[in-house]
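Have a look at protein19.cif below; it lists mmCIF, C-alpha atoms.
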```cif
data_coords
loop_
_atom_site.label_atom_id
_atom_site.label_comp_id
_atom_site.auth_asym_id
_atom_site.auth_seq_id
_atom_site.Cartn_x
_atom_site.Cartn_y
_atom_site.Cartn_z
CA MET A 1198 17.09 -7.91 12.13
CA ASP A 1199 14.24 -7.49 9.64
CA THR A 1200 10.91 -8.74 10.87
CA PRO A 1201 9.15 -11.06 8.45
CA ILE A 1202 6.47 -9.83 6.09
CA ARG A 1203 3.42 -12.07 6.20
CA PRO A 1204 -0.35 -11.99 5.76
CA LEU A 1205 -1.95 -9.99 8.57
CA THR A 1206 -4.71 -11.51 10.65
CA ARG A 1207 -8.10 -9.87 11.15
CA ALA A 1208 -7.16 -9.33 14.81
CA GLU A 1209 -4.06 -7.38 13.72
CA ILE A 1210 -6.10 -5.32 11.26
CA VAL A 1211 -8.60 -4.26 13.94
CA SER A 1212 -5.90 -3.69 16.58
CA PRO A 1213 -5.19 -0.24 18.03
CA ALA A 1214 -1.74 -0.20 16.39
CA PHE A 1215 -3.22 -0.63 12.91
CA GLY A 1216 -5.50 2.42 13.00
CA PRO A 1217 -2.75 5.05 12.75
CA LEU A 1218 -1.14 3.11 9.89
CA LEU A 1219 -4.41 3.00 8.00
CA TRP A 1220 -4.85 6.74 8.54
CA GLU A 1221 -1.29 7.27 7.27
CA ALA A 1222 -2.13 5.29 4.14
CA ALA A 1223 -5.49 6.93 3.42
CA SER A 1224 -5.68 10.27 5.29
CA VAL A 1225 -9.47 10.19 5.52
CA ASP A 1226 -11.89 10.74 8.40
CA ALA A 1227 -12.74 8.10 11.00
CA ASP A 1228 -15.91 6.89 9.24
CA ALA A 1229 -14.04 6.43 5.97
CA LEU A 1230 -11.24 4.59 7.80
CA MET A 1231 -13.76 2.18 9.32
CA HIS A 1232 -15.23 1.63 5.85
CA ILE A 1233 -11.78 0.83 4.46
CA ARG A 1234 -10.99 -1.49 7.36
CA ASP A 1235 -14.33 -3.31 7.44
CA VAL A 1236 -15.45 -3.25 3.80
CA GLU A 1237 -12.42 -2.82 1.52
CA LEU A 1238 -9.59 -4.66 3.29
CA PRO A 1239 -11.45 -8.00 3.57
CA HIS A 1240 -11.43 -8.08 -0.27
CA LEU A 1241 -7.73 -7.28 -0.57
CA GLU A 1242 -4.58 -9.16 0.29
CA VAL A 1243 -3.14 -7.47 3.38
CA ILE A 1244 0.46 -8.18 4.29
CA GLY A 1245 2.65 -6.56 6.88
CA SER A 1246 5.25 -6.74 9.57
CA ALA A 1247 4.99 -6.52 13.36
CA ASP A 1248 7.47 -5.43 16.01
CA ASP A 1249 8.64 -7.53 18.96
CA ALA A 1250 5.54 -6.49 20.94
CA GLY A 1251 3.31 -7.81 18.15
CA ASP A 1252 2.17 -4.38 16.94
CA VAL A 1253 1.89 -3.94 13.18
CA VAL A 1254 4.54 -1.43 12.05
CA GLY A 1255 3.95 -1.56 8.30
CA PHE A 1256 1.45 -2.95 5.84
CA ALA A 1257 0.47 -3.14 2.19
CA ALA A 1258 -2.98 -3.98 0.83
CA PHE A 1259 -3.30 -5.02 -2.79
CA ALA A 1260 -5.48 -6.76 -5.34
CA ARG A 1261 -4.60 -9.23 -8.04
CA HIS A 1262 -6.16 -8.55 -11.41
CA ARG A 1263 -5.85 -10.57 -14.58
CA ASP A 1264 -3.26 -8.21 -16.04
CA HIS A 1265 -1.70 -6.41 -13.05
CA LEU A 1266 -1.28 -6.13 -9.31
CA GLU A 1267 -2.85 -3.03 -7.80
CA LEU A 1268 -1.49 -1.53 -4.61
CA HIS A 1269 -4.33 0.15 -2.72
CA TYR A 1270 -2.67 1.08 0.58
CA LEU A 1271 0.87 1.21 1.94
CA ALA A 1272 2.13 2.63 5.24
CA VAL A 1273 5.06 2.28 7.61
CA SER A 1274 4.98 3.63 11.16
CA GLU A 1275 7.24 6.54 12.03
CA THR A 1276 9.24 4.28 14.37
CA ALA A 1277 9.98 1.81 11.56
CA ARG A 1278 10.77 4.29 8.76
CA GLY A 1279 14.20 4.47 7.23
CA ALA A 1280 14.97 0.78 7.65
CA GLY A 1281 13.73 -0.38 4.23
CA LEU A 1282 10.38 -1.80 5.32
CA GLY A 1283 8.46 0.12 2.64
CA SER A 1284 10.73 -1.30 -0.06
CA ARG A 1285 10.40 -4.79 1.40
CA LEU A 1286 6.61 -4.48 1.37
CA ILE A 1287 6.70 -3.47 -2.31
CA ASP A 1288 8.98 -6.45 -3.02
CA ALA A 1289 6.55 -8.77 -1.23
CA VAL A 1290 3.62 -7.44 -3.25
CA ARG A 1291 5.56 -7.95 -6.48
CA ALA A 1292 6.47 -11.48 -5.35
CA ALA A 1293 2.75 -12.34 -5.17
CA ASP A 1294 2.84 -12.64 -8.98
CA PRO A 1295 6.18 -11.68 -10.55
CA SER A 1296 4.71 -12.01 -14.05
CA LEU A 1297 2.40 -8.99 -13.54
CA PRO A 1298 3.18 -5.27 -13.43
CA LEU A 1299 2.50 -3.44 -10.17
CA ARG A 1300 0.36 -0.30 -10.27
CA ALA A 1301 -0.31 2.29 -7.58
CA GLU A 1302 -1.68 5.80 -7.27
CA THR A 1303 -0.30 8.38 -4.88
CA ASP A 1304 0.06 12.08 -4.25
CA ASP A 1305 2.97 14.45 -3.65
CA ASP A 1306 3.92 13.04 -0.25
CA ALA A 1307 4.90 9.60 -1.61
CA VAL A 1308 5.62 10.02 -5.32
CA ASP A 1309 9.39 10.26 -4.76
CA PHE A 1310 9.34 6.97 -2.83
CA TYR A 1311 7.85 5.23 -5.88
CA ARG A 1312 10.28 6.94 -8.27
CA THR A 1313 13.21 5.83 -6.12
CA LEU A 1314 12.05 2.22 -6.37
CA GLY A 1315 11.95 2.40 -10.18
CA PHE A 1316 8.28 3.02 -10.83
CA THR A 1317 7.35 5.02 -13.93
CA VAL A 1318 5.30 8.01 -12.76
CA THR A 1319 2.67 9.86 -14.79
CA GLY A 1320 -0.14 12.23 -13.91
CA ALA A 1321 -3.48 10.81 -12.81
CA PRO A 1322 -6.97 12.32 -12.65
CA ARG A 1323 -8.12 13.91 -9.40
CA ASP A 1324 -9.63 11.49 -6.89
CA ALA A 1325 -12.93 12.48 -5.23
CA ARG A 1326 -11.58 11.27 -1.88
CA TRP A 1327 -8.78 13.84 -2.07
CA PRO A 1328 -10.06 16.57 -4.43
CA ALA A 1329 -7.37 19.12 -3.56
CA ARG A 1330 -4.41 16.77 -4.08
CA ARG A 1331 -2.44 16.23 -7.26
CA ARG A 1332 -2.45 12.50 -8.07
CA TYR A 1333 0.08 10.27 -9.83
CA ARG A 1334 -0.06 6.84 -11.45
CA CYS A 1335 2.94 4.69 -10.69
CA GLU A 1336 3.79 1.48 -12.51
CA MET A 1337 6.59 -1.04 -12.23
CA PRO A 1338 7.03 -3.69 -14.91
CA PRO A 1339 6.80 -7.39 -14.11
CA ARG A 1340 9.87 -8.80 -12.42
CA GLU A 1341 10.41 -11.12 -15.35
CA ALA A 1342 10.48 -8.11 -17.69
CA SER A 1343 12.86 -6.12 -15.49
CA ALA A 1344 15.32 -8.95 -14.81
#
```

How does the structure come out when it is put into structure tokens?
Amino acid sequence: MDTPIRPLTRAEIVSPAFGPLLWEAASVDADALMHIRDVELPHLEVIGSADDAGDVVGFAAFARHRDHLELHYLAVSETARGAGLGSRLIDAVRAADPSLPLRAETDDDAVDFYRTLGFTVTGAPRDARWPARRRYRCEMPPREASA
């Protein structure tokens, strides 16, 4: 059965199980991960799902803007992959405001995931955090527009 997607608590975000997910989402060094966890995530909406033991197995962090939703981070643990949790997290982000388009940026390792879900993908400028990686902008129209 699918575990529910819900807002994550601060305790879940600082838990040992969350660290590898955050690294999966950002692929930066330990200091940068702590900055994301302690400085960025408190200003974002962070939703996720936990396993039966209470460990977070997938999360999405996003911001609401006047004219769009912006996905900052998304990750699913290796043990939970292939069961649709990533798609469910995207659906939950879109449900936060179905009248707004959803935007994300990614690199080669996840661009096909976004294409599969129906995002329009275009090239994006290099990001200083990942200077050697090709970047992509991904956008999905509002639910109301795609219905």

Of A:Pro1338, A:Pro1201, A:Gly1216, A:Pro1295, the one sitting nearest Asp1248 of chain A when using only C-alpha atoms is A:Pro1201

Rank nothing, just name the residue among A:Ala1247, A:Met1337, A:Val1211, A:Ala1260 nearest to Arg1300 of chain A, using all atoms listed in the file.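 When distances to Arg1300 of chain A are compared using all atoms listed in the file, the smallest one comes from A:Met1337.
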
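Those residues returned by the PyMOL selection byres ((chain A and resi 1251) around 12) for this file are Thr1200, Pro1201, Leu1205, Thr1206, Ala1208, Glu1209, Ile1210, Ser1212, Pro1213, Ala1214, Phe1215, Gly1245, Ser1246, Ala1247, Asp1248, Asp1249, Ala1250, Asp1252, Val1253, Val1254 and Gly1255 of chain A.
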
query = What is the distance, in Å and to one decimal place, between atom CA of Arg1234 of chain A and atom CA of Val1273 of chain A?
reply =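 That distance, rounded to one decimal, is 16.5 Å.
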
- In the coordinate frame of the file, compute which residues have an atom within 12 Å of (8.8, 9.7, -14.9) when using only C-alpha atoms, and state them as a ChimeraX atom specification. /A:1308-1309,1311-1320,1333-1337

Checklist line | Non-local contacts of Ala1289 of chain A (10 Å; all atoms listed in the file; under 4 positions in same chain excluded) as a list in words | finding: Ile1202, Arg1203, Ile1244, Gly1245, Ala1257, Gly1283, Ser1284, Arg1285, Ala1293, Asp1294 and Pro1295 of chain A

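We find atom CA of Leu1230 of chain A and atom CA of Ala1280 of chain A to be spaced 26.5 Å apart.
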
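Comparing A:Leu1218, A:Arg1207, A:Asp1305, A:Phe1310 by their smallest distance to Ala1329 of chain A, the closest is A:Asp1305 (using all atoms listed in the file).
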
Pairwise distance, atom CA of Gly1279 of chain A with atom CA of Pro1239 of chain A, equals 28.8 Å

Pick from A:Gly1281, A:Asp1304, A:Asp1199, A:Pro1339, whichever lies nearest to Pro1322 of chain A using all atoms listed in the file:
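Closest residue, counting all atoms listed in the file: A:Asp1304.
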
Would you save segment 1225-1243 of chain A to a file, keeping N, CA, C and O atoms, as a PDB file, in the first residue's frame?
```pdb
ATOM      1  N   VAL A1225      25.865  17.660  -3.196  1.00  0.00           N
ATOM      2  CA  VAL A1225      26.864  18.652  -2.787  1.00  0.00           C
ATOM      3  C   VAL A1225      27.560  18.154  -1.523  1.00  0.00           C
ATOM      4  O   VAL A1225      27.135  17.178  -0.907  1.00  0.00           O
ATOM      5  N   ASP A1226      28.621  18.845  -1.124  1.00  0.00           N
ATOM      6  CA  ASP A1226      29.385  18.394   0.036  1.00  0.00           C
ATOM      7  C   ASP A1226      28.594  18.580   1.338  1.00  0.00           C
ATOM      8  O   ASP A1226      27.535  19.201   1.360  1.00  0.00           O
ATOM      9  N   ALA A1227      29.149  18.044   2.418  1.00  0.00           N
ATOM     10  CA  ALA A1227      28.453  18.016   3.706  1.00  0.00           C
ATOM     11  C   ALA A1227      28.102  19.413   4.210  1.00  0.00           C
ATOM     12  O   ALA A1227      26.998  19.620   4.744  1.00  0.00           O
ATOM     13  N   ASP A1228      28.996  20.379   4.056  1.00  0.00           N
ATOM     14  CA  ASP A1228      28.697  21.744   4.511  1.00  0.00           C
ATOM     15  C   ASP A1228      27.530  22.342   3.733  1.00  0.00           C
ATOM     16  O   ASP A1228      26.650  22.980   4.311  1.00  0.00           O
ATOM     17  N   ALA A1229      27.529  22.114   2.428  1.00  0.00           N
ATOM     18  CA  ALA A1229      26.429  22.628   1.603  1.00  0.00           C
ATOM     19  C   ALA A1229      25.120  21.928   1.954  1.00  0.00           C
ATOM     20  O   ALA A1229      24.053  22.561   1.956  1.00  0.00           O
ATOM     21  N   LEU A1230      25.175  20.625   2.253  1.00  0.00           N
ATOM     22  CA  LEU A1230      23.960  19.914   2.668  1.00  0.00           C
ATOM     23  C   LEU A1230      23.401  20.489   3.958  1.00  0.00           C
ATOM     24  O   LEU A1230      22.181  20.664   4.085  1.00  0.00           O
ATOM     25  N   MET A1231      24.270  20.787   4.907  1.00  0.00           N
ATOM     26  CA  MET A1231      23.806  21.377   6.170  1.00  0.00           C
ATOM     27  C   MET A1231      23.191  22.748   5.923  1.00  0.00           C
ATOM     28  O   MET A1231      22.187  23.109   6.547  1.00  0.00           O
ATOM     29  N   HIS A1232      23.766  23.509   4.994  1.00  0.00           N
ATOM     30  CA  HIS A1232      23.200  24.812   4.644  1.00  0.00           C
ATOM     31  C   HIS A1232      21.794  24.635   4.056  1.00  0.00           C
ATOM     32  O   HIS A1232      20.864  25.347   4.441  1.00  0.00           O
ATOM     33  N   ILE A1233      21.653  23.686   3.145  1.00  0.00           N
ATOM     34  CA  ILE A1233      20.331  23.430   2.555  1.00  0.00           C
ATOM     35  C   ILE A1233      19.349  23.044   3.650  1.00  0.00           C
ATOM     36  O   ILE A1233      18.248  23.604   3.742  1.00  0.00           O
ATOM     37  N   ARG A1234      19.747  22.097   4.494  1.00  0.00           N
ATOM     38  CA  ARG A1234      18.854  21.596   5.544  1.00  0.00           C
ATOM     39  C   ARG A1234      18.461  22.690   6.531  1.00  0.00           C
ATOM     40  O   ARG A1234      17.293  22.829   6.896  1.00  0.00           O
ATOM     41  N   ASP A1235      19.453  23.479   6.972  1.00  0.00           N
ATOM     42  CA  ASP A1235      19.214  24.423   8.066  1.00  0.00           C
ATOM     43  C   ASP A1235      18.818  25.826   7.621  1.00  0.00           C
ATOM     44  O   ASP A1235      18.203  26.556   8.400  1.00  0.00           O
ATOM     45  N   VAL A1236      19.141  26.198   6.392  1.00  0.00           N
ATOM     46  CA  VAL A1236      18.853  27.558   5.930  1.00  0.00           C
ATOM     47  C   VAL A1236      17.782  27.583   4.840  1.00  0.00           C
ATOM     48  O   VAL A1236      16.854  28.384   4.900  1.00  0.00           O
ATOM     49  N   GLU A1237      17.900  26.705   3.842  1.00  0.00           N
ATOM     50  CA  GLU A1237      16.951  26.732   2.728  1.00  0.00           C
ATOM     51  C   GLU A1237      15.622  26.045   3.047  1.00  0.00           C
ATOM     52  O   GLU A1237      14.553  26.614   2.814  1.00  0.00           O
ATOM     53  N   LEU A1238      15.690  24.806   3.545  1.00  0.00           N
ATOM     54  CA  LEU A1238      14.453  24.035   3.736  1.00  0.00           C
ATOM     55  C   LEU A1238      13.447  24.694   4.673  1.00  0.00           C
ATOM     56  O   LEU A1238      12.238  24.579   4.422  1.00  0.00           O
ATOM     57  N   PRO A1239      13.873  25.416   5.729  1.00  0.00           N
ATOM     58  CA  PRO A1239      12.858  26.067   6.570  1.00  0.00           C
ATOM     59  C   PRO A1239      12.011  27.104   5.823  1.00  0.00           C
ATOM     60  O   PRO A1239      10.928  27.460   6.278  1.00  0.00           O
ATOM     61  N   HIS A1240      12.481  27.562   4.654  1.00  0.00           N
ATOM     62  CA  HIS A1240      11.728  28.549   3.871  1.00  0.00           C
ATOM     63  C   HIS A1240      10.957  27.921   2.726  1.00  0.00           C
ATOM     64  O   HIS A1240      10.328  28.628   1.933  1.00  0.00           O
ATOM     65  N   LEU A1241      11.007  26.599   2.633  1.00  0.00           N
ATOM     66  CA  LEU A1241      10.299  25.870   1.584  1.00  0.00           C
ATOM     67  C   LEU A1241       9.243  24.974   2.208  1.00  0.00           C
ATOM     68  O   LEU A1241       9.298  24.671   3.400  1.00  0.00           O
ATOM     69  N   GLU A1242       8.294  24.562   1.395  1.00  0.00           N
ATOM     70  CA  GLU A1242       7.349  23.540   1.826  1.00  0.00           C
ATOM     71  C   GLU A1242       8.009  22.196   1.558  1.00  0.00           C
ATOM     72  O   GLU A1242       8.461  21.930   0.438  1.00  0.00           O
ATOM     73  N   VAL A1243       8.110  21.368   2.586  1.00  0.00           N
ATOM     74  CA  VAL A1243       8.777  20.075   2.469  1.00  0.00           C
ATOM     75  C   VAL A1243       7.752  18.995   2.777  1.00  0.00           C
ATOM     76  O   VAL A1243       7.215  18.924   3.885  1.00  0.00           O
TER      77      VAL A1243
END
```
